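Novice: Input structure: my_file-v1.txt, which contains compact mmCIF, C-alpha atoms.
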# COMPACT_ATOMS: atom_id res chain seq x y z
CA MET A 1 35.90 57.31 79.94
CA LEU A 2 38.54 60.02 80.29
CA ARG A 3 41.95 58.79 81.46
CA LEU A 4 43.45 61.86 83.09
CA ARG A 5 46.74 62.91 84.67
CA ALA A 6 46.78 65.68 87.27
CA THR A 7 49.85 67.66 88.28
CA PHE A 8 49.45 69.02 91.79
CA LYS A 9 51.49 70.97 94.30
CA LYS A 10 52.11 70.01 97.92
CA THR A 11 53.58 72.91 99.88
CA GLY A 12 53.49 74.60 103.27
CA ARG A 13 51.73 72.56 105.94
CA ALA A 14 50.77 69.95 103.33
CA LYS A 15 54.41 68.75 103.18
CA TYR A 16 53.73 66.95 106.46
CA ILE A 17 51.00 64.78 104.88
CA SER A 18 52.58 61.33 104.54
CA HIS A 19 52.15 59.24 101.40
CA LEU A 20 49.73 56.94 103.23
CA ASP A 21 47.69 59.89 104.48
CA LEU A 22 47.77 61.41 100.99
CA ASN A 23 45.80 58.42 99.74
CA ARG A 24 43.14 59.00 102.39
CA CYS A 25 43.18 62.74 101.67
CA MET A 26 42.55 62.20 97.94
CA LEU A 27 39.71 59.80 98.71
CA ARG A 28 37.95 62.56 100.68
CA ILE A 29 38.75 65.15 97.98
CA PHE A 30 37.17 63.05 95.22
CA ARG A 31 34.06 62.37 97.30
CA ARG A 32 33.60 66.02 98.20
CA SER A 33 34.15 67.16 94.60
CA LYS A 34 31.22 64.97 93.46
CA LEU A 35 33.03 64.33 90.19
CA PRO A 36 32.00 61.24 88.18
CA VAL A 37 35.19 59.39 89.08
CA TRP A 38 35.53 55.80 87.87
CA TYR A 39 35.28 53.29 90.72
CA THR A 40 37.04 49.98 90.96
CA GLU A 41 34.92 46.85 90.72
CA GLY A 42 34.49 44.13 93.31
CA PHE A 43 33.18 43.80 96.86
CA ASN A 44 34.66 47.11 98.05
CA PRO A 45 34.45 49.67 95.21
CA HIS A 46 36.51 52.84 95.68
CA PRO A 47 37.61 55.69 93.42
CA TYR A 48 40.53 54.66 91.24
CA TYR A 49 43.61 56.89 91.40
CA SER A 50 47.35 56.31 91.58
CA PHE A 51 50.48 58.38 92.20
CA ALA A 52 53.61 58.30 90.05
CA LEU A 53 56.21 58.70 92.81
CA ALA A 54 56.06 58.76 96.58
CA LEU A 55 57.31 62.01 98.12
CA SER A 56 59.40 61.97 101.29
CA LEU A 57 57.74 63.43 104.37
CA GLY A 58 58.74 67.07 104.86
CA PHE A 59 59.51 67.64 101.16
CA GLU A 60 57.52 70.20 99.22
CA SER A 61 56.66 69.64 95.57
CA GLU A 62 55.44 71.62 92.59
CA CYS A 63 54.96 68.63 90.30
CA GLU A 64 53.30 65.62 91.94
CA ILE A 65 51.55 63.29 89.48
CA MET A 66 48.21 61.53 89.99
CA ASP A 67 46.30 59.42 87.45
CA PHE A 68 42.53 58.96 87.64
CA ASN A 69 39.55 58.28 85.37
CA ILE A 70 36.34 60.23 84.77
CA THR A 71 33.28 58.44 83.38
CA ASP A 72 31.86 61.57 81.68
CA ASP A 73 33.69 61.92 78.35
CA ASN A 74 32.31 65.42 77.79
CA MET A 75 33.33 67.07 81.05
CA PRO A 76 35.74 70.00 80.38
CA LEU A 77 39.18 69.67 81.98
CA ASP A 78 39.01 73.17 83.49
CA VAL A 79 35.78 72.24 85.27
CA ILE A 80 37.41 69.12 86.72
CA ARG A 81 40.36 71.18 87.91
CA GLU A 82 38.10 73.80 89.53
CA ARG A 83 35.96 71.20 91.28
CA LEU A 84 39.03 69.54 92.78
CA ASN A 85 40.68 72.80 93.83
CA GLU A 86 37.50 73.90 95.60
CA VAL A 87 37.90 71.04 98.10
CA MET A 88 41.70 70.80 98.33
CA PRO A 89 43.25 71.32 101.79
CA GLU A 90 45.64 74.19 102.56
CA GLY A 91 48.95 73.81 100.73
CA MET A 92 47.62 71.56 97.98
CA GLY A 93 46.28 72.47 94.57
CA ILE A 94 45.86 71.12 91.06
CA VAL A 95 48.32 72.84 88.72
CA ALA A 96 47.19 71.16 85.49
CA ILE A 97 45.02 68.33 84.18
CA ALA A 98 45.59 66.63 80.83
CA PRO A 99 44.97 63.27 79.14
CA GLN A 100 47.46 60.56 80.09
CA MET A 101 50.24 60.38 77.50
CA ASN A 102 53.23 58.34 78.68
CA LYS A 103 53.29 55.28 80.91
CA ILE A 104 54.58 55.74 84.44
CA THR A 105 57.46 53.41 83.55
CA VAL A 106 59.13 56.09 81.38
CA ILE A 107 59.88 58.21 84.47
CA ALA A 108 63.65 58.22 84.91
CA LYS A 109 64.59 61.24 87.05
CA ALA A 110 63.36 63.80 89.53
CA GLU A 111 64.68 67.31 90.01
CA TYR A 112 65.06 68.85 93.47
CA GLU A 113 65.98 72.24 94.87
CA PHE A 114 67.18 72.83 98.43
CA ASP A 115 69.28 75.10 100.62
CA LEU A 116 72.28 74.36 102.82
CA LYS A 117 72.12 76.96 105.61
CA THR A 118 75.41 77.76 107.32
CA ASP A 119 77.45 80.52 108.94
CA ASP A 120 80.38 79.61 106.68
CA VAL A 121 78.99 79.75 103.14
CA LEU A 122 82.39 79.75 101.44
CA GLY A 123 83.60 76.78 103.47
CA VAL A 124 80.57 74.62 102.76
CA TYR A 125 80.55 75.69 99.10
CA ASP A 126 84.15 74.52 98.75
CA ALA A 127 83.23 71.22 100.45
CA VAL A 128 80.37 70.70 97.98
CA GLU A 129 82.64 71.36 95.00
CA LYS A 130 85.26 68.98 96.40
CA LEU A 131 82.68 66.22 96.86
CA LEU A 132 81.34 66.72 93.33
CA ALA A 133 84.86 66.51 91.93
CA ALA A 134 85.58 63.21 93.71
CA ASP A 135 85.81 60.00 91.68
CA GLU A 136 82.91 58.50 93.64
CA ILE A 137 80.29 59.51 96.20
CA LEU A 138 79.68 56.44 98.34
CA ILE A 139 76.79 56.27 100.78
CA GLU A 140 74.83 53.53 102.53
CA LYS A 141 71.23 53.25 101.36
CA LYS A 142 68.46 51.18 102.91
CA THR A 143 66.85 48.81 100.40
CA LYS A 144 64.31 45.98 100.59
CA LYS A 145 67.23 43.56 100.82
CA GLY A 146 69.01 45.51 103.56
CA ILE A 147 71.72 48.15 103.67
CA LYS A 148 73.59 48.64 100.40
CA THR A 149 76.53 50.89 99.55
CA VAL A 150 75.80 52.90 96.41
CA ASP A 151 77.83 55.38 94.36
CA LEU A 152 75.80 58.54 93.73
CA LYS A 153 78.42 60.07 91.45
CA PRO A 154 77.37 58.56 88.06
CA ASP A 155 73.68 59.42 88.57
CA THR A 156 73.91 62.91 90.09
CA GLU A 157 73.30 65.81 87.69
CA ILE A 158 73.94 69.26 89.14
CA VAL A 159 71.59 71.82 87.62
CA SER A 160 72.76 74.80 89.68
CA LEU A 161 75.03 75.60 92.62
CA GLU A 162 74.87 79.14 93.98
CA LYS A 163 76.12 81.01 97.03
CA ALA A 164 73.51 83.14 98.80
CA ASP A 165 73.25 85.12 102.03
CA GLY A 166 73.69 82.53 104.79
CA ALA A 167 73.05 79.56 102.51
CA ILE A 168 74.00 77.62 99.41
CA HIS A 169 71.20 76.96 96.94
CA MET A 170 71.42 73.73 94.95
CA ALA A 171 69.34 72.07 92.25
CA MET A 172 70.05 68.51 91.16
CA ARG A 173 68.55 65.64 89.20
CA LEU A 174 68.59 62.12 90.61
CA PRO A 175 67.27 58.73 89.43
CA ALA A 176 63.57 58.12 90.06
CA GLY A 177 61.02 55.60 88.85
CA THR A 178 60.41 51.89 88.95
CA LYS A 179 64.08 50.81 89.18
CA THR A 180 66.14 53.27 91.23
CA ASN A 181 65.06 56.09 93.52
CA TYR A 182 67.48 58.50 95.18
CA ASN A 183 66.61 61.70 97.01
CA PRO A 184 68.95 64.62 97.84
CA THR A 185 69.26 63.68 101.52
CA LEU A 186 71.65 60.92 100.41
CA PHE A 187 73.94 63.50 98.81
CA VAL A 188 73.73 65.70 101.90
CA GLU A 189 74.54 62.73 104.13
CA ALA A 190 77.68 62.13 102.07
CA LEU A 191 78.54 65.82 102.37
CA ARG A 192 78.21 65.70 106.16
CA LYS A 193 80.76 62.89 106.29
CA SER A 194 83.29 64.90 104.30
CA CYS A 195 82.61 68.37 105.71
CA GLU A 196 83.34 69.40 109.31
CA ILE A 197 81.56 72.75 108.97
CA PRO A 198 78.04 72.78 110.49
CA PHE A 199 75.13 73.27 108.07
CA GLU A 200 71.43 72.45 107.87
CA MET A 201 69.42 71.25 104.89
CA ALA A 202 66.24 73.29 104.35
CA ASN A 203 63.49 74.20 101.85
CA ILE A 204 63.60 70.89 99.98
CA CYS A 205 61.29 70.92 96.97
CA ARG A 206 60.74 68.52 94.09
CA THR A 207 60.50 70.73 91.04
CA GLY A 208 60.35 68.26 88.16
CA ILE A 209 59.57 64.68 87.18
CA LEU A 210 61.45 63.81 84.02
CA CYS A 211 61.96 61.20 81.33
CA GLU A 212 65.40 59.82 80.41
CA ASN A 213 66.08 62.65 77.94
CA ASN A 214 65.24 65.27 80.63
CA GLU A 215 61.90 66.05 78.99
CA LYS A 216 59.06 66.80 81.37
CA PHE A 217 56.97 63.71 82.11
CA SER A 218 53.37 64.02 80.94
How does this structure look as C-alpha cells?

Specialist:
Amino acid sequence: MLRLRATFKKTGRAKYISHLDLNRCMLRIFRRSKLPVWYTEGFNPHPYYSFALALSLGFESECEIMDFNITDDNMPLDVIRERLNEVMPEGMGIVAIAPQMNKITVIAKAEYEFDLKTDDVLGVYDAVEKLLAADEILIEKKTKKGIKTVDLKPDTEIVSLEKADGAIHMAMRLPAGTKTNYNPTLFVEALRKSCEIPFEMANICRTGILCENNEKFS
C-alpha cells in the first residue's frame, strides 16, 4: 500500500467550499477518478483521506495537504496526479504527490499573504508599523473553552510588508497545527482597533505550511 501526501490548491470560486463540503467534494473526486484508494473497514466503508489543516472559508491556498492511501504499490505518482486532476472542480488542482514523510504533528506554522486596500496607503502603513512595534498585540479569540485574550506579538513573523498602488501587501507566518492556530484576520482585527483609517482586507491566501524551523512540511 502506498501512503501518499497530496499538495493541492484551492483558488477562485473554490475558496467558498467550506471544510465540511471539502470532505464531500473529495469523496466524489476519489470515486470519479476510479483510483484504487484504500477504504476504511467496518459497516460503512469509505475512502480514507485526511487534511492537515482546516482552511477558513473565503481564503485561497496554494499548499493544502491531504493524506490518502493507494492499494496498488506499482501505480506511478504522475498517473495518480493526472487521474485526480481530471475530475477536480474549477479552482482546485493537485500540485504535487509524494510519499508521506513527516507526521502531521510536526506542523508548527502557516504562511499567509493578503492585501489591505485603502485610499490612504501611507496612513495605514504607518499604523501597521506602529502595531508591530508595540510591546504586545492583544486580541480576543474564540476557543473551545470560550473567549480568551491572546497576545499575537510573540508568535507573529512578518515576512514582507510593502506599499502598493491603493493597497498594502503583507506576508506573515502564524502558529498552526495541533496546539495553536491563528489566522491573519486576528492581526487585522487588532489593526482595526488601533487604526481609524478605513481599509479592507482582500486576496487572502495561504502560501505555506511549515515545520518549526520554517522548513516546508512534507

Novice: Near stretch 172-186 of chain A, within 6 Å and counting only C-alpha atoms, which residues show up once chain neighbours fewer than 2 positions away are dropped, as a list of chain:residue names?

Specialist: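 Selected residues are A:Ile107, A:Ala108, A:Lys109, A:Ala110, A:Glu111, A:Tyr112, A:Thr156, A:Glu157, A:Ile158, A:Val159, A:Val188, A:Glu189.
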
Novice: Take the residues that were just selected and, keeping C-alpha atoms, output them as a PDB file, in the frame of the given file.

Specialist:
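Now in result17.pdb:
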ATOM      1  CA  ILE A 107      59.880  58.210  84.470  1.00  0.00           C
ATOM      2  CA  ALA A 108      63.650  58.220  84.910  1.00  0.00           C
ATOM      3  CA  LYS A 109      64.590  61.240  87.050  1.00  0.00           C
ATOM      4  CA  ALA A 110      63.360  63.800  89.530  1.00  0.00           C
ATOM      5  CA  GLU A 111      64.680  67.310  90.010  1.00  0.00           C
ATOM      6  CA  TYR A 112      65.060  68.850  93.470  1.00  0.00           C
ATOM      7  CA  THR A 156      73.910  62.910  90.090  1.00  0.00           C
ATOM      8  CA  GLU A 157      73.300  65.810  87.690  1.00  0.00           C
ATOM      9  CA  ILE A 158      73.940  69.260  89.140  1.00  0.00           C
ATOM     10  CA  VAL A 159      71.590  71.820  87.620  1.00  0.00           C
ATOM     11  CA  VAL A 188      73.730  65.700 101.900  1.00  0.00           C
ATOM     12  CA  GLU A 189      74.540  62.730 104.130  1.00  0.00           C
TER      13      GLU A 189
END

Novice: Taking (46.5, 67.7, 86.4) as a centre in this file's frame and 6 Å as the limit, can you find every polymer residue with an atom that close, using only C-alpha atoms, and give them as a PyMOL selection string?

Specialist: chain A and resi 5-7+94-98

Novice: Considering all atoms listed in the file, return as number ranges by chain whatever protein or nucleic-acid residues lie within 10 Å of A:Ile17, sequence-local ones (same chain, fewer than 3 positions apart) excluded.

Specialist: A: 10-11, 13-14, 20-23, 25, 55-59

Novice: For a quick check of understanding, using all atoms listed in the file, which of A:Asn102, A:Lys142, A:Val121, A:Ala133 has the smallest distance to A:Pro154?

Specialist: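 Once distances to A:Pro154 are computed over all atoms listed in the file, the minimum belongs to A:Ala133.
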
Novice: Can you tell me, as an mmCIF file with C-alpha atoms, keeping the file's coordinate frame, what residues are no more than 8 Å from A:Pro36 when counting all atoms listed in the file, ignoring any on the same chain fewer than 5 positions away?

Specialist:
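File written: selection.cif
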data_model
loop_
_atom_site.group_PDB
_atom_site.id
_atom_site.type_symbol
_atom_site.label_atom_id
_atom_site.label_comp_id
_atom_site.auth_asym_id
_atom_site.auth_seq_id
_atom_site.Cartn_x
_atom_site.Cartn_y
_atom_site.Cartn_z
ATOM 1 C CA ILE A 70 36.340 60.230 84.770
ATOM 2 C CA THR A 71 33.280 58.440 83.380
ATOM 3 C CA ASP A 72 31.860 61.570 81.680
#

Novice: Would you mind reading off the distance between atom CA of A:Met101 and atom CA of A:Asn85, one decimal, in Å?

Specialist: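 Interatomic distance, atom CA of A:Met101 to atom CA of A:Asn85: 22.6 Å.
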
Novice: Using all atoms listed in the file, find the one residue out of A:Thr105, A:Asn74, A:Ser61, A:Asn213 that sits nearest to A:Gly91.

Specialist: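 The answer is A:Ser61, which sits nearest to A:Gly91.
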
Novice: List the residues sitting within 12 Å of (70.6, 82.3, 98.3) in the file's frame, using only C-alpha atoms, as a short mmCIF file (atom, residue, chain, number, x, y, z; two decimals) with C-alpha atoms, in the frame of the given file.

Specialist:
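point_30.cif was written with the following content:
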data_model
loop_
_atom_site.label_atom_id
_atom_site.label_comp_id
_atom_site.auth_asym_id
_atom_site.auth_seq_id
_atom_site.Cartn_x
_atom_site.Cartn_y
_atom_site.Cartn_z
CA GLU A 113 65.98 72.24 94.87
CA PHE A 114 67.18 72.83 98.43
CA ASP A 115 69.28 75.10 100.62
CA LEU A 116 72.28 74.36 102.82
CA LYS A 117 72.12 76.96 105.61
CA THR A 118 75.41 77.76 107.32
CA VAL A 121 78.99 79.75 103.14
CA TYR A 125 80.55 75.69 99.10
CA SER A 160 72.76 74.80 89.68
CA LEU A 161 75.03 75.60 92.62
CA GLU A 162 74.87 79.14 93.98
CA LYS A 163 76.12 81.01 97.03
CA ALA A 164 73.51 83.14 98.80
CA ASP A 165 73.25 85.12 102.03
CA GLY A 166 73.69 82.53 104.79
CA ALA A 167 73.05 79.56 102.51
CA ILE A 168 74.00 77.62 99.41
CA HIS A 169 71.20 76.96 96.94
CA MET A 170 71.42 73.73 94.95
CA ALA A 171 69.34 72.07 92.25
CA ALA A 202 66.24 73.29 104.35
CA ASN A 203 63.49 74.20 101.85
#

Novice: Of the residues A:Glu64, A:Phe199, A:Lys15, A:Lys34, which is the one nearest to A:Asp120, using only C-alpha atoms?

Specialist: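 Checking each of A:Glu64, A:Phe199, A:Lys15, A:Lys34 against A:Asp120, counting only C-alpha atoms, the winner is A:Phe199.
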
Novice: Contacts of A:Lys130 at 10 Å or less, counting only C-alpha atoms, minus same-chain residues fewer than 5 places along, as a ChimeraX atom specification?

Specialist: /A:124-125,191,194-195

Novice: Near A:Ala190, counting all atoms listed in the file, which residues have an atom at most 9 Å away, once you skip same-chain residues fewer than 6 positions from it, shown as a compact mmCIF listing (two decimals) with C-alpha atoms, in the coordinates of the input?

Specialist:
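Generated file (result_27.txt):
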# COMPACT_ATOMS: atom_id res chain seq x y z
CA LEU A 131 82.68 66.22 96.86
CA ILE A 137 80.29 59.51 96.20
CA LEU A 138 79.68 56.44 98.34
CA ILE A 139 76.79 56.27 100.78

Novice: Here is a test: counting only C-alpha atoms, which residue of A:Leu77, A:Cys205, A:Met26, A:Met92 is nearest to A:His46?

Specialist: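 Checking each of A:Leu77, A:Cys205, A:Met26, A:Met92 against A:His46, counting only C-alpha atoms, the winner is A:Met26.
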
Novice: Determine the nearest neighbour of A:Ala127 from the options A:Pro198, A:Thr40, A:Gln100, A:Leu152, counting all atoms listed in the file.

Specialist: A:Pro198

Novice: Compare A:Lys9, A:Arg206, A:Arg3, A:Lys193 by their minimum atom-to-atom distance to A:Glu90, counting only C-alpha atoms, and give me the closest one.

Specialist: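 Ranking A:Lys9, A:Arg206, A:Arg3, A:Lys193 by distance to A:Glu90, first place goes to A:Lys9.
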